[in-house]
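Enquirer: What follows is query-v4.txt, made up of compact mmCIF, C-alpha atoms and all ligand atoms:
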```txt
# COMPACT_ATOMS: atom_id res chain seq x y z
CA MET A 118 123.70 37.26 107.30
CA ARG A 119 126.65 35.53 108.85
CA PRO A 120 129.48 37.41 110.45
CA LEU A 121 132.57 37.58 108.31
CA PRO A 122 135.33 35.22 108.11
CA VAL A 123 136.12 32.70 110.50
CA ILE A 124 139.37 31.19 109.65
CA ALA A 125 139.94 30.25 113.15
CA THR A 126 140.27 31.51 116.51
CA SER A 127 143.90 30.79 116.99
CA ALA A 128 146.06 32.79 114.71
CA ILE A 129 147.51 31.35 111.54
CA GLY A 130 150.30 33.78 111.79
CA PRO A 131 150.91 37.06 113.49
CA GLY A 132 147.79 39.10 113.20
CA ARG A 133 146.20 36.46 111.02
CA GLY A 134 143.57 34.91 113.20
CA THR A 135 141.01 35.43 110.53
CA VAL A 136 141.20 35.91 106.84
CA PRO A 137 141.11 39.65 106.51
CA SER A 138 137.87 40.40 104.83
CA GLY A 139 139.35 42.82 102.45
CA GLU A 140 142.39 40.86 101.77
CA ALA A 141 142.65 40.06 98.17
CA GLY A 142 140.50 42.86 98.19
CA ARG A 143 143.87 44.39 98.47
CA ALA A 144 142.29 44.18 95.16
CA SER A 145 139.14 46.10 95.44
CA VAL A 146 136.77 45.62 98.27
CA GLY A 147 134.95 48.75 99.21
CA THR A 148 133.01 49.11 96.08
CA GLY A 149 130.41 51.40 97.54
CA MET A 150 127.77 48.90 96.73
CA PRO A 151 124.88 48.39 99.02
CA THR A 152 125.03 45.23 101.06
CA ARG A 153 121.99 43.11 101.57
CA ASP A 154 121.33 44.82 104.82
CA GLY A 155 121.39 48.14 103.09
CA ASN A 156 124.82 49.34 104.15
CA ALA A 157 126.91 50.94 101.51
CA GLY A 158 130.63 50.92 101.21
CA ALA A 159 131.64 47.31 101.20
CA ALA A 160 131.35 44.56 98.68
CA PRO A 161 127.99 42.90 99.04
CA ARG A 162 128.09 40.09 101.53
CA PRO A 163 127.37 36.78 99.92
CA GLN A 164 124.41 35.00 101.28
CA ARG A 165 124.42 31.58 102.68
CA SER A 166 121.23 30.29 104.08
CA GLY A 167 122.37 31.27 107.52
CA ALA A 168 120.29 28.21 107.75
CA PRO A 169 118.11 28.21 110.72
CA VAL A 170 118.14 24.70 112.00
CA ASP A 171 114.76 23.77 110.61
CA THR A 172 115.51 24.67 107.03
CA LEU A 173 117.96 21.79 106.85
CA ASP A 174 114.90 19.61 106.72
CA ARG A 175 116.07 17.38 109.50
CA PRO A 176 114.60 13.93 109.70
CA GLN A 177 111.74 13.88 112.13
CA ARG A 178 110.39 10.41 112.70
CA SER A 179 112.38 8.10 110.46
CA GLY A 180 115.50 6.23 111.50
CA ALA A 181 117.56 8.62 109.41
CA PRO A 182 120.57 9.64 111.49
CA VAL A 183 121.62 13.12 112.51
CA ASP A 184 125.13 13.83 113.76
CA THR A 185 126.22 15.33 117.06
CA LEU A 186 125.64 18.83 115.64
CA ASP A 187 122.14 17.91 114.46
CA ARG A 188 123.08 17.70 110.78
CA PRO A 189 121.28 15.10 108.66
CA LEU A 190 122.96 12.92 106.04
CA ARG A 191 121.81 14.27 102.68
CA ASP A 192 124.66 14.17 100.17
CA LEU A 193 127.08 11.46 99.18
CA ARG A 194 130.21 11.99 97.12
CA ILE A 195 131.56 8.79 95.69
CA SER A 196 135.13 8.67 94.47
CA VAL A 197 135.25 6.04 91.74
CA THR A 198 139.02 6.22 91.28
CA ASP A 199 141.99 7.92 92.90
CA ARG A 200 143.67 8.31 89.51
CA CYS A 201 143.54 11.41 87.36
CA ASN A 202 144.79 12.40 83.92
CA PHE A 203 145.66 15.92 85.17
CA ARG A 204 148.25 16.93 87.74
CA CYS A 205 146.70 20.16 88.99
CA VAL A 206 149.16 22.08 91.13
CA TYR A 207 146.66 22.60 93.93
CA CYS A 208 145.37 19.02 94.03
CA MET A 209 147.73 16.36 92.63
CA PRO A 210 151.07 18.10 92.07
CA GLU A 211 153.28 16.05 89.79
CA GLU A 212 156.20 16.14 92.21
CA VAL A 213 154.09 14.06 94.58
CA PHE A 214 151.84 12.14 92.20
CA GLY A 215 154.61 11.05 89.86
CA ARG A 216 155.43 7.76 88.16
CA ASP A 217 156.19 6.06 91.44
CA TYR A 218 153.05 7.08 93.23
CA ALA A 219 151.18 4.06 94.57
CA PHE A 220 147.62 4.40 93.36
CA LEU A 221 145.05 1.89 94.52
CA PRO A 222 145.31 -1.49 92.83
CA ARG A 223 142.25 -2.43 90.80
CA ALA A 224 141.15 -5.16 93.23
CA GLU A 225 140.88 -2.62 96.00
CA LEU A 226 138.43 -0.42 94.15
CA LEU A 227 134.79 -0.98 94.89
CA THR A 228 133.09 -2.66 91.97
CA PHE A 229 130.11 -0.91 90.39
CA GLU A 230 127.87 -3.46 92.10
CA GLU A 231 129.42 -2.66 95.49
CA ILE A 232 129.13 1.08 94.90
CA THR A 233 125.47 0.68 93.98
CA ARG A 234 124.64 -1.44 97.00
CA LEU A 235 126.27 0.99 99.41
CA ALA A 236 124.71 3.97 97.65
CA ARG A 237 121.28 2.41 98.09
CA LEU A 238 121.89 2.02 101.83
CA PHE A 239 122.94 5.66 102.05
CA VAL A 240 119.75 6.64 100.26
CA GLU A 241 117.76 4.63 102.77
CA LEU A 242 119.45 6.72 105.46
CA GLY A 243 118.43 10.02 103.91
CA VAL A 244 120.82 10.79 101.05
CA ARG A 245 119.13 12.67 98.22
CA LYS A 246 122.05 13.72 96.12
CA ILE A 247 124.94 11.64 94.83
CA ARG A 248 127.98 13.07 93.11
CA LEU A 249 130.48 10.84 91.32
CA THR A 250 133.97 12.19 91.55
CA GLY A 251 137.60 11.21 92.05
CA GLY A 252 140.44 11.47 90.99
CA GLU A 253 138.99 11.89 87.56
CA PRO A 254 135.81 9.81 87.34
CA LEU A 255 135.85 9.59 83.56
CA VAL A 256 139.14 7.66 83.58
CA ARG A 257 137.25 4.79 85.17
CA ARG A 258 136.20 2.57 82.31
CA ASP A 259 132.48 2.29 81.48
CA LEU A 260 131.48 4.86 84.07
CA GLU A 261 128.11 5.16 82.40
CA ARG A 262 127.39 1.63 83.59
CA VAL A 263 127.45 2.64 87.25
CA VAL A 264 125.43 5.74 86.39
CA ALA A 265 122.75 3.47 84.94
CA MET A 266 122.88 1.34 88.07
CA LEU A 267 122.51 4.37 90.37
CA ALA A 268 119.82 6.12 88.36
CA PRO A 269 116.92 4.03 89.74
CA LEU A 270 117.74 5.33 93.24
CA SER A 271 115.91 8.50 92.21
CA VAL A 272 118.37 10.92 93.71
CA ASP A 273 119.90 13.98 92.12
CA LEU A 274 122.76 12.28 90.28
CA THR A 275 125.72 14.41 89.30
CA LEU A 276 129.36 14.16 88.29
CA THR A 277 132.42 16.35 88.76
CA THR A 278 135.00 16.08 85.98
CA ASN A 279 137.96 17.93 84.57
CA GLY A 280 136.19 17.70 81.21
CA ALA A 281 139.08 16.11 79.33
CA LEU A 282 137.05 13.08 78.27
CA LEU A 283 133.62 14.63 78.52
CA ALA A 284 132.98 15.39 74.86
CA GLY A 285 133.05 11.70 74.03
CA LYS A 286 131.06 10.64 77.08
CA ALA A 287 128.36 13.25 77.66
CA ARG A 288 125.63 11.62 75.61
CA ALA A 289 126.22 8.15 77.08
CA LEU A 290 126.20 9.59 80.61
CA ARG A 291 122.96 11.42 79.98
CA ASP A 292 121.36 8.37 78.40
CA ALA A 293 122.42 6.33 81.44
CA GLY A 294 120.53 8.73 83.73
CA LEU A 295 123.03 11.36 84.86
CA ASP A 296 121.27 14.61 85.74
CA ARG A 297 124.04 17.21 85.58
CA VAL A 298 127.79 17.77 85.46
CA THR A 299 130.23 20.12 87.09
CA VAL A 300 133.34 20.77 85.01
CA SER A 301 136.53 22.14 86.50
CA LEU A 302 138.22 24.87 84.47
CA ASP A 303 140.68 27.23 86.12
CA SER A 304 141.36 29.64 83.28
CA LEU A 305 140.47 30.43 79.69
CA ASP A 306 144.07 31.28 78.99
CA ASP A 307 145.96 28.28 77.65
CA ALA A 308 149.28 29.18 79.21
CA THR A 309 147.71 29.60 82.66
CA PHE A 310 145.51 26.54 82.35
CA MET A 311 148.33 24.33 81.11
CA ALA A 312 150.58 25.51 83.92
CA MET A 313 147.85 24.57 86.38
CA ASN A 314 146.91 21.17 84.96
CA SER A 315 150.61 20.33 84.35
CA VAL A 316 149.82 18.04 81.42
CA ARG A 317 149.54 20.74 78.74
CA PHE A 318 145.82 20.11 78.32
CA PRO A 319 144.27 22.89 76.22
CA VAL A 320 141.26 24.99 77.23
CA ALA A 321 139.47 24.37 73.93
CA ARG A 322 138.97 20.68 74.66
CA VAL A 323 137.40 21.39 78.03
CA LEU A 324 135.10 23.93 76.37
CA GLU A 325 134.20 21.24 73.86
CA GLY A 326 133.27 18.95 76.76
CA ILE A 327 131.14 21.67 78.34
CA GLY A 328 129.37 22.22 75.02
CA ALA A 329 128.75 18.50 74.60
CA ALA A 330 127.36 18.24 78.13
CA ALA A 331 124.95 21.11 77.56
CA ALA A 332 123.89 19.68 74.20
CA ALA A 333 123.24 16.31 75.83
CA GLY A 334 120.96 17.97 78.39
CA LEU A 335 123.30 17.79 81.40
CA ALA A 336 122.34 21.32 82.26
CA PRO A 337 122.84 23.74 83.76
CA VAL A 338 126.54 22.95 83.55
CA LYS A 339 128.45 24.23 86.55
CA ILE A 340 132.04 25.26 86.05
CA ASN A 341 134.44 25.14 89.00
CA MET A 342 137.36 27.54 89.02
CA VAL A 343 139.81 27.27 91.92
CA VAL A 344 141.41 30.65 92.42
CA LYS A 345 145.01 30.70 93.58
CA ARG A 346 146.76 33.99 94.20
CA GLY A 347 149.54 34.79 91.80
CA VAL A 348 148.50 31.92 89.55
CA ASN A 349 145.09 32.58 88.01
CA GLU A 350 143.30 35.45 89.69
CA THR A 351 143.61 37.44 86.48
CA SER A 352 141.36 34.79 84.93
CA ILE A 353 138.40 35.64 87.18
CA LEU A 354 136.95 38.37 84.99
CA PRO A 355 137.53 36.63 81.65
CA MET A 356 135.73 33.57 83.05
CA ALA A 357 132.81 35.67 84.25
CA ARG A 358 132.69 37.51 80.94
CA HIS A 359 132.88 34.36 78.83
CA PHE A 360 130.15 32.42 80.61
CA ARG A 361 127.73 35.27 81.28
CA GLY A 362 124.59 34.69 79.32
CA SER A 363 125.53 31.09 78.44
CA GLY A 364 123.24 29.43 80.97
CA HIS A 365 126.31 27.81 82.59
CA ILE A 366 127.12 28.73 86.19
CA VAL A 367 130.72 29.51 87.10
CA ARG A 368 131.60 28.77 90.71
CA PHE A 369 134.71 30.44 92.02
CA ILE A 370 136.37 28.37 94.73
CA GLU A 371 138.69 29.59 97.43
CA TYR A 372 141.90 27.58 97.34
CA MET A 373 141.76 25.11 100.23
CA ASP A 374 144.25 23.31 102.41
CA VAL A 375 143.11 19.85 101.37
CA GLY A 376 145.50 16.92 101.52
CA ASN A 377 149.16 17.22 102.46
CA SER A 378 150.78 17.79 99.14
CA ASN A 379 149.75 21.17 97.78
CA GLY A 380 151.84 23.30 100.13
CA TRP A 381 148.86 25.49 100.98
CA ARG A 382 149.46 28.89 102.51
CA LEU A 383 146.81 31.34 103.59
CA ASP A 384 148.47 33.99 101.48
CA ASP A 385 147.58 31.97 98.38
CA VAL A 386 143.86 32.31 99.07
CA VAL A 387 141.92 34.94 97.14
CA THR A 388 138.89 35.49 99.31
CA ALA A 389 135.30 35.31 98.19
CA GLU A 390 134.95 38.96 98.97
CA ALA A 391 137.80 39.89 96.67
CA ILE A 392 136.47 37.66 93.90
CA LEU A 393 133.06 39.27 94.20
CA ALA A 394 134.45 42.76 94.22
CA THR A 395 136.44 42.02 91.07
CA ILE A 396 133.42 40.76 89.17
CA ASP A 397 130.98 43.25 90.61
CA ALA A 398 133.13 46.16 89.49
CA GLU A 399 132.48 45.22 85.87
CA PHE A 400 129.22 43.32 86.10
CA PRO A 401 127.08 44.40 89.05
CA LEU A 402 125.85 41.51 91.13
CA GLU A 403 123.18 40.86 93.70
CA PRO A 404 122.89 37.94 96.10
CA ILE A 405 120.23 35.31 95.69
CA PRO A 406 119.12 32.67 98.18
CA PRO A 407 120.50 29.15 98.15
CA ASP A 408 118.79 26.63 95.92
CA TYR A 409 118.50 24.17 98.75
CA PRO A 410 119.56 23.96 102.40
CA GLY A 411 123.22 23.12 102.81
CA GLU A 412 124.24 24.27 99.31
CA VAL A 413 127.99 24.83 99.33
CA ALA A 414 128.05 27.76 96.94
CA MET A 415 126.73 31.18 97.79
CA ARG A 416 124.78 32.43 94.80
CA TRP A 417 124.88 35.79 93.06
CA ARG A 418 123.15 36.96 89.92
CA TYR A 419 124.08 39.58 87.40
CA ARG A 420 121.84 42.56 87.85
CA ASP A 421 121.37 42.78 84.08
CA GLY A 422 119.83 39.29 84.00
CA ALA A 423 122.80 37.55 82.32
CA GLY A 424 122.75 34.62 84.73
CA GLU A 425 124.36 33.72 88.01
CA ILE A 426 127.65 32.77 89.62
CA GLY A 427 128.54 30.89 92.77
CA ILE A 428 131.30 31.37 95.30
CA ILE A 429 132.57 28.55 97.46
CA ALA A 430 134.19 30.24 100.42
CA SER A 431 135.17 27.37 102.61
CA VAL A 432 138.21 29.23 103.92
CA SER A 433 136.88 32.71 104.60
CA ARG A 434 133.28 31.72 105.33
CA PRO A 435 133.15 28.10 106.41
CA PHE A 436 129.84 26.34 106.14
CA CYS A 437 130.33 23.39 108.44
CA GLY A 438 127.07 24.13 110.23
CA ASP A 439 125.16 23.30 107.05
CA CYS A 440 127.33 20.40 105.94
CA THR A 441 125.30 17.30 105.21
CA ARG A 442 127.91 15.56 103.05
CA ALA A 443 129.52 12.16 103.42
CA ARG A 444 132.33 10.99 101.18
CA MET A 445 133.20 7.47 100.13
CA SER A 446 136.68 6.76 98.85
CA ALA A 447 137.28 4.55 95.84
CA ASP A 448 138.18 1.67 98.14
CA GLY A 449 135.07 2.02 100.22
CA SER A 450 136.04 4.08 103.24
CA LEU A 451 133.50 6.50 104.60
CA TYR A 452 134.74 9.99 105.48
CA THR A 453 132.57 12.52 107.24
CA CYS A 454 134.63 15.60 106.31
CA LEU A 455 136.81 16.67 103.41
CA PHE A 456 139.51 17.35 105.96
CA ALA A 457 139.13 14.10 107.85
CA THR A 458 142.14 12.09 108.87
CA VAL A 459 140.37 8.83 109.51
CA GLY A 460 138.00 6.85 107.34
CA HIS A 461 135.58 4.09 108.28
CA ASP A 462 135.99 0.94 106.25
CA LEU A 463 132.78 -0.25 104.62
CA ARG A 464 134.42 -2.55 102.11
CA ALA A 465 135.69 -5.09 104.63
CA PRO A 466 132.27 -5.85 106.13
CA LEU A 467 130.71 -5.67 102.69
CA ARG A 468 133.10 -8.25 101.29
CA ALA A 469 132.82 -10.36 104.44
CA GLY A 470 129.12 -10.82 103.77
CA ALA A 471 127.50 -8.23 106.03
CA SER A 472 123.76 -7.84 105.61
CA ASP A 473 122.16 -4.62 104.42
CA LYS A 474 121.01 -3.94 107.96
CA GLU A 475 124.51 -4.41 109.38
CA LEU A 476 126.01 -2.09 106.80
CA ARG A 477 123.26 0.49 107.25
CA ASP A 478 123.73 0.38 111.02
CA ARG A 479 127.45 0.91 110.60
CA ILE A 480 126.97 3.93 108.33
CA ALA A 481 124.34 5.37 110.67
CA ALA A 482 126.59 4.87 113.70
CA VAL A 483 129.46 6.70 112.00
CA TRP A 484 127.15 9.54 111.05
CA ARG A 485 125.67 9.81 114.54
CA GLY A 486 129.17 10.13 115.98
CA ARG A 487 130.18 12.85 113.52
CA ASP A 488 131.39 16.08 115.05
CA ASP A 489 133.62 17.44 112.25
CA ARG A 490 133.74 21.15 111.65
CA TYR A 491 137.25 21.47 110.39
CA SER A 492 136.86 24.64 108.37
CA GLU A 493 135.47 26.46 111.36
CA LEU A 494 138.42 25.36 113.46
CA ARG A 495 141.12 25.91 110.83
CA SER A 496 144.17 27.28 112.58
CA VAL A 497 147.91 27.07 112.91
CA GLU A 498 147.48 23.68 114.51
CA THR A 499 145.11 22.21 111.93
CA VAL A 500 147.08 23.36 108.91
CA GLY A 501 149.88 20.93 109.77
CA LEU A 502 147.66 17.93 110.49
CA PRO A 503 147.96 14.87 108.29
CA ARG A 504 145.02 14.51 105.95
CA VAL A 505 143.89 12.22 103.21
CA GLU A 506 144.34 13.50 99.68
CA MET A 507 141.31 14.97 97.94
CA SER A 508 141.95 12.79 94.90
CA TYR A 509 141.47 9.73 97.11
CA ILE A 510 138.58 10.86 99.24
CA GLY A 511 136.76 12.51 96.34
CA GLY A 512 136.54 16.23 95.65
N1 LIG B 1 138.92 15.38 88.51
C1 LIG B 1 137.65 16.00 88.76
C2 LIG B 1 137.73 17.48 88.53
O1 LIG B 1 138.80 17.97 88.17
O2 LIG B 1 136.71 18.14 88.66
C3 LIG B 1 137.02 15.69 90.10
C4 LIG B 1 137.89 15.67 91.32
S1 LIG B 1 138.50 17.25 91.82
C5 LIG B 1 139.37 16.79 93.27
C6 LIG B 1 137.02 18.03 92.39
C7 LIG B 1 137.09 19.52 92.56
O3 LIG B 1 137.94 19.83 93.62
C8 LIG B 1 137.60 20.27 91.35
O4 LIG B 1 136.70 21.27 90.98
C9 LIG B 1 138.88 20.86 91.85
O5 LIG B 1 139.16 22.06 91.23
C10 LIG B 1 138.60 21.03 93.34
N2 LIG B 1 139.82 21.13 94.13
C11 LIG B 1 140.87 20.29 94.15
N3 LIG B 1 141.81 20.73 94.99
C12 LIG B 1 141.35 21.87 95.54
C13 LIG B 1 141.87 22.80 96.48
N4 LIG B 1 143.07 22.64 97.03
N5 LIG B 1 141.12 23.87 96.81
C14 LIG B 1 139.90 24.04 96.26
N6 LIG B 1 139.36 23.20 95.37
C15 LIG B 1 140.08 22.13 95.01
```
Would you encode the structure as structure tokens?
Ligand code: SAM
Expert:
Amino acid sequence: MRPLPVIATSAIGPGRGTVPSGEAGRASVGTGMPTRDGNAGAAPRPQRSGAPVDTLDRPQRSGAPVDTLDRPLRDLRISVTDRCNFRCVYCMPEEVFGRDYAFLPRAELLTFEEITRLARLFVELGVRKIRLTGGEPLVRRDLERVVAMLAPLSVDLTLTTNGALLAGKARALRDAGLDRVTVSLDSLDDATFMAMNSVRFPVARVLEGIGAAAAAGLAPVKINMVVKRGVNETSILPMARHFRGSGHIVRFIEYMDVGNSNGWRLDDVVTAEAILATIDAEFPLEPIPPDYPGEVAMRWRYRDGAGEIGIIASVSRPFCGDCTRARMSADGSLYTCLFATVGHDLRAPLRAGASDKELRDRIAAVWRGRDDRYSELRSVETVGLPRVEMSYIGG
């Protein structure tokens, strides 16, 4: 089990060098539950793999690159557009992403053919899982066409969406070869949800999308809920209650300091520990091992067998050591960290006629030079650094 939180060594504020483990747990940590190591009195510690180096299945003999911290390249998130039909307060606040915001012109977006070619090269370098994201991926017209083009790569092919357009698309996506979807939903309460998405989008239509995805076989559906203090933490239990026993997996996400526009403050973060304690008080939980090495969510199951939840604790329990993810922006820049400030242009050489080998070498060279571990270094200094927006780089 990993030691608790590691927001950074240098303090974020007086006495705030780390996220206090019981913080939101101002709520209710200290549940008297046994921890995995048998100690009573604290909320159970979530389990991450604690991944011993070998379990990351590092490439042995192939030319597949590992980075400077010995992490292989396994996952690729592809942003297919920087546009979104929501203006979530924690991601694309409308004050910043308003009418005048300069989104990428169409000609700058990678075409589906370009996305597919680059994705194939990533797969040749070790990628086994591809997630289409954005922005909102379903606002890109004919998305199912690129899904069909990527499907023959035989990777785990998934999509993250706000669900607004999912009901009408789920079947076509499944037929095109999509394996699963993750749907973002921050509350079951319309007033709260509408205040968060800022476009008055109702909960019922997202639930319809989730139902359509499950019916189409895009299962298990994962449901992402970003928890922001004072905004939607009262929605934690209703979400757990609603989706228990449904076969869907709710993943509660600590609010992160991505991009420059969401005005993130540590005080707004409800920690994993507090989220767990809240749920565990009503529905006792026990930790379960990760599904695969490098999984971002820590997994917990309901002791009564009603399913599982995940917690993504990138603030209070960073998982940089296990991070095998690359991100490609909609205009073809490669980023090696969600918090990166600099991307590596793949589109220019691609459009200038580079060969597969040249492109593969470029990707491999970027990966070999990778030393990012932002979440482990998060501090007063890093909070103010310029960063690319999550909607551009791909969430
Ligand atoms: N539009 C799609 C959606 O809503 O799922 C995909 C893109 S969105 C950027 C991907 C995920 O990132 C969503 O689950 C969203 O809730 C999450 N996200 C965005 N900003 C975040 C933040 N500041 N902290 C934590 N998660 C965030």
Enquirer: Pick the closest to A:Thr499 from A:Thr395, A:Gly376, A:Gly512, A:Ala329: which is it, counting all atoms listed in the file?
Expert: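 That would be A:Gly376, the residue with the smallest distance to A:Thr499.
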Enquirer: For A:Asn379, find every residue with an atom within 10 Å (counting only C-alpha atoms), except residues of its own chain fewer than 5 positions away, and show them as a list of chain:residue names.
Expert: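 Surrounding residues, per the criterion: A:Cys205, A:Val206, A:Tyr207, A:Cys208, A:Met209, A:Pro210, A:Glu212, A:Val213, A:Met373, A:Asp374, A:Glu506.
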Enquirer: Could the residues that lie within 9 Å of ligand LIG 1 (chain B), counting only C-alpha atoms and all ligand atoms, be listed as an MDAnalysis selection string?
Expert: chainID A and resid 196 199:203 205:209 249:255 276:280 299:303 340:345 370:376 379 381 429 431 506:512
Enquirer: Identify which of the residues A:Ala236, A:Ala457, A:Ala181, A:Gly285 lies closest to A:Leu502, counting only C-alpha atoms when measuring atom-to-atom distances.
Expert: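 The closest residue to A:Leu502 is A:Ala457.
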Enquirer: Interatomic distance between atom CA of A:Ile428 and atom CA of A:Ala414?
Expert: 5.1 Å
Enquirer: Would you list the residues near (131.4, 16.9, 80.5) (no more than 6 Å away, in the coordinates of the file, using only C-alpha atoms) as a ChimeraX atom specification?
Expert: /A:280,283,287,326-327,330
Enquirer: Considering only C-alpha atoms, state which residue in the set A:Met415, A:Val264, A:Leu455, A:Ile480 is at the smallest distance from A:Glu241.
Expert: A:Ile480
Enquirer: Using all atoms listed in the file for the distances, tell me which of A:Gly215, A:Leu295, A:Asp273, A:Thr198 is nearest to A:Val256.
Expert: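 Smallest distance to A:Val256 is found for A:Thr198.
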Enquirer: What does the distance between atom CA of A:Ile195 and atom CA of A:Trp417 come to in Å, to one decimal place?
Expert: 27.9 Å
Enquirer: Is there a way to complete stretch 281-295 of chain A with N, CA, C and O atoms and then write that out as a compact mmCIF listing (two decimals), in the coordinates of the input?
Expert:
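Output contents, as saved in part.txt:
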```
# COMPACT_ATOMS: atom_id res chain seq x y z
N ALA A 281 138.18 16.56 80.40
CA ALA A 281 139.08 16.11 79.33
C ALA A 281 138.42 15.05 78.44
O ALA A 281 138.64 15.03 77.23
N LEU A 282 137.65 14.17 79.04
CA LEU A 282 137.05 13.08 78.27
C LEU A 282 135.54 13.27 78.09
O LEU A 282 134.84 12.36 77.64
N LEU A 283 135.08 14.44 78.45
CA LEU A 283 133.62 14.63 78.52
C LEU A 283 132.95 14.67 77.14
O LEU A 283 131.83 14.15 76.99
N ALA A 284 133.62 15.26 76.17
CA ALA A 284 132.98 15.39 74.86
C ALA A 284 132.55 14.02 74.33
O ALA A 284 131.45 13.88 73.77
N GLY A 285 133.38 13.03 74.54
CA GLY A 285 133.05 11.70 74.03
C GLY A 285 132.11 10.91 74.92
O GLY A 285 131.66 9.83 74.54
N LYS A 286 131.83 11.42 76.11
CA LYS A 286 131.06 10.64 77.08
C LYS A 286 129.70 11.26 77.44
O LYS A 286 128.86 10.59 78.04
N ALA A 287 129.54 12.54 77.13
CA ALA A 287 128.36 13.25 77.66
C ALA A 287 127.05 12.58 77.29
O ALA A 287 126.18 12.38 78.15
N ARG A 288 126.91 12.20 76.05
CA ARG A 288 125.63 11.62 75.61
C ARG A 288 125.37 10.30 76.33
O ARG A 288 124.27 10.05 76.82
N ALA A 289 126.40 9.46 76.43
CA ALA A 289 126.22 8.15 77.08
C ALA A 289 125.87 8.34 78.56
O ALA A 289 125.04 7.61 79.11
N LEU A 290 126.48 9.34 79.18
CA LEU A 290 126.20 9.59 80.61
C LEU A 290 124.76 10.04 80.78
O LEU A 290 124.05 9.61 81.69
N ARG A 291 124.33 10.93 79.90
CA ARG A 291 122.96 11.42 79.98
C ARG A 291 121.97 10.28 79.74
O ARG A 291 120.99 10.12 80.48
N ASP A 292 122.26 9.49 78.72
CA ASP A 292 121.36 8.37 78.40
C ASP A 292 121.29 7.37 79.56
O ASP A 292 120.28 6.73 79.78
N ALA A 293 122.39 7.28 80.31
CA ALA A 293 122.42 6.33 81.44
C ALA A 293 121.65 6.88 82.65
O ALA A 293 121.39 6.15 83.59
N GLY A 294 121.33 8.19 82.63
CA GLY A 294 120.53 8.73 83.73
C GLY A 294 121.21 9.80 84.56
O GLY A 294 120.68 10.21 85.60
N LEU A 295 122.39 10.27 84.11
CA LEU A 295 123.03 11.36 84.86
C LEU A 295 122.20 12.63 84.71
O LEU A 295 121.67 12.92 83.63
```
